[in-house]
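Undergrad: Can you read through this structure? Questions will come right after.
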Amino acid sequence: MLEIVIFSTLNGILYGLLLFMLSSGLTLIFSMMGVLNFAHASFYMLGAYFAYTMGMEIGFWPALLLAPILVGGLGAMVEKFGLRRVHENGHVAELLFTFGLAYVIDEMVQLIWGTVAVAYREPDYMREPLFTLFGTDYSIFRGVVILIAVLMFIALWFLLKKTRVGMMIRAALTHGEMVGHLGHNVPRLFMGVFGFGCALAGLAGVIGGPLLATEPGMAVTLGPIVFVVVVVGGMGSLIGAFYASLLIGLIQTFFVAIDASVADILNALGMNVDPYGEVTGITLASLAPMTPFILLVLILIFRPRGLMGELEP
Amino acid sequence: MNDITAVAPRQNRFSWRALAPWLISAAVLLILPFVFESGTAFTLMNVIAVNIVFALSYNMLLGQGGMLSFGHAVFFGLGSYAAMHAMNAIDEAAYAGEGFWSHIPVVSMPLVGMIAGGLVALLIGWPFCRRAGTAFAMITLGLGEMVAAAGQMFPSVFGGEAGVYGNRMVGPQWFGLELAQAADVYWFMAFWTFLAVFAMWAFTRTPLGRMSNAVRDNPDRLQFIGYPPRNIRFMIFIASGSFGGLAGGMAAVNYEIITPESLGLIPSGLALLMAAVGGLGVFYGPIVGAIVVSLMNSMLSDYTDASILYVGLVFLGIVMFAPRGLGGGLEQIRVAAREGSLGKRLPGWLSGGAAVTAISLGLMLFIELLFQWRHGDDEFAHFFGIDFESGSLTGWICVLVLLGAGIAVMRATKKLREDNA
């Protein structure tokens with residue numbers, strides 16, 4: 001039991017940190033531009049595929065650095081030539097644009113890399129165990145992922161709180177027009193933030209690719225969950241997104257790990273139900289993919305501003 | 001409130017002009033089966049009919065009510081499931097020769113779907129309709145994903161991965177429709193599509209239909225004058241869900257199978273795609289969109305492996321460059337023709353069209369060459385009878401020339417369009 005708890009916690013935190021890498025960019029973009037970027041998870045997928053293709057030529061570590069930069073550049077181009085055009089037609093048009101973009105990127109990926117998963121793996125030496133607990137290995141790569149995520153978190157905090165650019169971004173979040181009046185180039189700032197958010201998603205893709213799977217469906221599987229994180233955490237709240245990421249990561253991992261059905265729980269509570277019935281026979285593991293969306297609907301009904309958000313979406 | 005007199009008097013007089021679109025569409029529906037006689041054409045027309053109703057019901061939410069939904073397929077799918085189970089009940093009752101269902105014809109299945117869709121919307125809609133905009137988009141996204149996941153979990157209702165299938169040739173026949181061939185189903189589809197389209201158009205003329213435009217444009221003001229926006233949204237949600245369910249009922253009869261996948265994000269996205277391509281602001285926009293997107297989906301795949309990509313690019317192009325959609329474009333031409341300014345505007349539009357054609361041809365060639373480059377040389381990029389090879393430079397140069405020419409024409413003729421805008 002302890003073994004399950006420890007490993008589920010570790011895996012849950014790992015998954016949560018991955019979610020945070022994605023949701024931090026998304027929430028930054030949202031709070032600044034009011035755009036919920038539907039294509040965000042597609043940039044995550046691009047990160048994984050770029051790193052896969054580059055990794056074959058230049059190795060894992062250079063790809064870890066270059067792939068996010070490439071994805072970020074692509075994101076900046078998308079903002080400059082696409083989103084900015086659509087902006088004047090309102091938020092719905094922007095949402096539609098990113099929706100179409102996600103569609104196109106997903107199809108492009110299938111066109112270029114094929115419809116089946118590619119063999120994107122971490123380097124061999126990182127598959128060695130970092131430590132062994134109760135006879136189960138915890139690979140170096142997972143440790144590295146946690147390290148990268150934490151480093152990224154610190155860098156993000158430093159950037160936003162301690163640098164001049166971060167100050168401008170924080171000011172533009174709430175008083176965009178005033179920042180413009182003070183002579184800063186707000187459109188360029190938008191482009192930068194959009195590109196930066198996409199780069200973070202790309203970084204998540206580089207390390208998420210070997211961890212989960214690099215296949216054309218990876219954006220569609222993770223995309224909606226990232227939205228859930230942003231909404232549950234509170235639109236535009238980075239710290240809220242952090243808590244929500246960990247919460248959802250842990251909930252999903254624990255639901256998968258606990259081998260119990262609804263009937264087991266009800267019977268343990270003293271009720272006498274059929275353990276193989278259609279409803280009571282549902283295992284918690286099969287409920288796991290649904291948990292984020294149940295959480296989303298509940299949050300939107302009972303606390304629409306999310307865990308830490310200040311504004312209602 | 002004496003302002004009521006300021007409202008334009010209702011036009012009760014009979015006018016052929018108002019009736020013309022309906023007469024023409026009815027005539028087209030009647031003539032179509034004699035123009036296209038092949039089985040595939042009928043199958044395609046039936047799919048288009050389902051999609052027309054689906055897209056229009058979606059536009060009740062987005063175009064008329066301003067509520068962007070990513071979960072509309074929930075109503076379509078659940079309506080379809082209800083109709084499928086009803087069809088199976090008819091099958092059993094007809095076999096036993098007694099019971100309520102033995103008197104119900106399969107022709108009425110869209111009504112079953114409509115009731116189911118409306119009931120689902122009625123049961124779940126209230127908490128969703130508090131806000132429009134991003135909150136509504138997210139909560140419907142969550143709903144769609146949740147229902148789609150639940151579809152896999154209750155196999156006795158949703159049939160698991162394989163879905164539920166049925167047989168449409170059961171129970172009492174009405175109007176001698178055996179529903180055996182796609183050609184038979186066509187008349188069923190034509191009837192229900194015409195009826196549903198008319199009903200949805202009539203809905204836009206009701207006070208509630210007008211209110212739905214108001215709640216889209218200015219919910220605060222609506223609240224001021226005493227109509228809670230949430231109530232209006234809720235009623236639109238129910239109406240839209242009902243018609244979504246009706247489309248689902250039509251689909252159940254057409255496909256005779258329904259799987260949990262049809263509850264998820266992909267069919268919801270299709271509804272959005274069709275409505276936006278056709279144009280959200282014009283009533284007949286989604287009809288145009290449904291026809292174009294269905295045709296693209298089914299016919300392009302014969303010619304290229306990147307068919308879905310083209311649909312996506314068309315969508316993206318329309319969102320970026322023609323936010324009013326194809327229907328909006330048609331409407332612009334119609335208005336210009338009526339005002340007599342068509343001759344003045346035509347050069348700008350034609351040159352714009354030429355530029356768009358050149359750019360799209362360039363993009364198509366680029367995509368086909370890219371596909372060929374990645375997937376081996378055995379697949380030539382067939383391009384209007386010319387075979388390009390990704391190995392040689394000619395193809396890539398053609399791409400650049402086409403794109404460059406398109407952009408140049410676009411730039412050069414920009415003034416023509418702006419002067420008359």
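In the structure tokens, chains take letters A, B, ... by order of appearance, with residues numbered from 1 within each chain and ligands from 1 in the order shown.
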Enumerate the residues of range 257-421 of chain B with a DSSP assignment of strand (DSSP E or B), computed from the backbone, and present them as a list of chain:residue names.
TA: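 Strand (DSSP E or B) members of range 257-421 of chain B, listed: B:Ile257, B:Ile258, B:Ala381, B:His382, B:Phe383, B:Ile386, B:Asp387, B:Phe388.
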Undergrad: Which residues are close to Met153 in chain B, i.e. within 12 Å by only C-alpha atoms, leaving aside same-chain residues fewer than 4 positions away? Reply as an NGL selection string.
TA: (:A and (277-290)) or (:B and (146-149 or 157-161 or 163 or 260))
Undergrad: Which distance in Å separates CA of Leu119 in chain B and CA of Gly209 in chain B, to one decimal?
TA: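 It comes out at 19.7 Å.
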Undergrad: Output the contact residues of chain A with respect to chain B at a cut-off of 9 Å, based on only C-alpha atoms, as a PyMOL selection string.
TA: chain A and resi 36+82-83+85-86+89+91-108+110-114+224+227-228+231+278-279+282+286-287+289-297+300-301+304+312-313
Undergrad: Would you mind exporting the chosen residues as a tab-separated table (two decimals), in the first residue's frame, restricted to C-alpha atoms?
TA:
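Full text of out.tsv as output:
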chain	number	residue	atom	x	y	z
A	36	LEU	CA	-7.90	30.80	-24.81
A	82	GLY	CA	-2.73	35.17	-37.81
A	83	LEU	CA	-4.09	36.06	-34.44
A	85	ARG	CA	-5.56	39.87	-37.87
A	86	VAL	CA	-8.44	38.05	-36.24
A	89	ASN	CA	-13.33	40.42	-34.92
A	91	HIS	CA	-12.91	36.78	-28.86
A	92	VAL	CA	-15.11	34.21	-30.53
A	93	ALA	CA	-13.25	34.71	-33.81
A	94	GLU	CA	-9.95	34.30	-31.97
A	95	LEU	CA	-11.13	31.09	-30.35
A	96	LEU	CA	-12.30	29.84	-33.75
A	97	PHE	CA	-8.94	30.73	-35.25
A	98	THR	CA	-6.97	28.77	-32.65
A	99	PHE	CA	-9.44	25.90	-33.03
A	100	GLY	CA	-8.81	25.81	-36.78
A	101	LEU	CA	-5.10	26.12	-36.16
A	102	ALA	CA	-5.15	23.09	-33.87
A	103	TYR	CA	-6.96	21.20	-36.60
A	104	VAL	CA	-4.39	22.19	-39.22
A	105	ILE	CA	-1.36	21.50	-37.02
A	106	ASP	CA	-2.68	18.05	-36.09
A	107	GLU	CA	-3.22	17.21	-39.75
A	108	MET	CA	0.17	18.61	-40.75
A	110	GLN	CA	0.10	13.38	-39.56
A	111	LEU	CA	1.09	14.43	-43.04
A	112	ILE	CA	4.76	14.80	-42.18
A	113	TRP	CA	5.38	12.19	-39.49
A	114	GLY	CA	2.67	9.67	-40.30
A	224	PRO	CA	-8.80	19.52	-23.00
A	227	PHE	CA	-8.05	23.81	-20.35
A	228	VAL	CA	-9.48	22.17	-17.29
A	231	VAL	CA	-10.24	27.03	-15.62
A	278	GLU	CA	-23.09	-2.13	-14.69
A	279	VAL	CA	-22.84	0.97	-12.51
A	282	ILE	CA	-17.14	0.55	-12.68
A	286	SER	CA	-11.85	3.63	-15.72
A	287	LEU	CA	-13.21	6.80	-14.13
A	289	PRO	CA	-10.06	10.02	-17.69
A	290	MET	CA	-13.34	11.58	-16.63
A	291	THR	CA	-12.19	13.13	-13.37
A	292	PRO	CA	-10.78	16.38	-14.82
A	293	PHE	CA	-14.04	17.09	-16.63
A	294	ILE	CA	-16.20	16.31	-13.63
A	295	LEU	CA	-14.00	18.72	-11.69
A	296	LEU	CA	-14.36	21.33	-14.45
A	297	VAL	CA	-18.12	21.18	-14.58
A	300	LEU	CA	-17.80	26.17	-13.25
A	301	ILE	CA	-21.12	25.61	-11.54
A	304	PRO	CA	-16.83	29.99	-11.60
A	312	GLU	CA	-14.97	35.08	-13.84
A	313	PRO	CA	-14.22	33.83	-17.31
Undergrad: For a test of reading the model, state the distance in Å between CA of Gly248 in chain B and CA of Gly79 in chain B, rounded to one decimal.
TA: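 Separating CA of Gly248 in chain B from CA of Gly79 in chain B is a distance of 5.0 Å.
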Undergrad: Would you kindly return, as a PDB file with N, CA and C atoms, in the first residue's frame, each protein, DNA or RNA residue with an atom no farther than 9 Å from any atom of Ala190 in chain B, considering only C-alpha atoms and excluding same-chain residues fewer than 6 positions away?
TA:
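Okay, this is what ended up in selection.pdb:
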ATOM      1  N   ALA B  26     -37.836  23.534 -52.218  1.00  0.00           N
ATOM      2  CA  ALA B  26     -38.693  22.358 -52.357  1.00  0.00           C
ATOM      3  C   ALA B  26     -38.556  21.770 -53.755  1.00  0.00           C
ATOM      4  N   LEU B  29     -35.289  19.977 -54.019  1.00  0.00           N
ATOM      5  CA  LEU B  29     -35.350  18.687 -53.326  1.00  0.00           C
ATOM      6  C   LEU B  29     -36.095  17.657 -54.168  1.00  0.00           C
ATOM      7  N   LEU B  30     -37.129  18.117 -54.885  1.00  0.00           N
ATOM      8  CA  LEU B  30     -37.911  17.183 -55.700  1.00  0.00           C
ATOM      9  C   LEU B  30     -37.149  16.763 -56.954  1.00  0.00           C
ATOM     10  N   ASN B  46     -27.875  12.118 -48.432  1.00  0.00           N
ATOM     11  CA  ASN B  46     -28.443  11.841 -47.112  1.00  0.00           C
ATOM     12  C   ASN B  46     -27.530  12.357 -46.004  1.00  0.00           C
ATOM     13  N   ALA B  49     -27.930  16.006 -45.796  1.00  0.00           N
ATOM     14  CA  ALA B  49     -29.188  16.395 -45.144  1.00  0.00           C
ATOM     15  C   ALA B  49     -29.027  16.374 -43.628  1.00  0.00           C
TER      16      ALA B  49
END
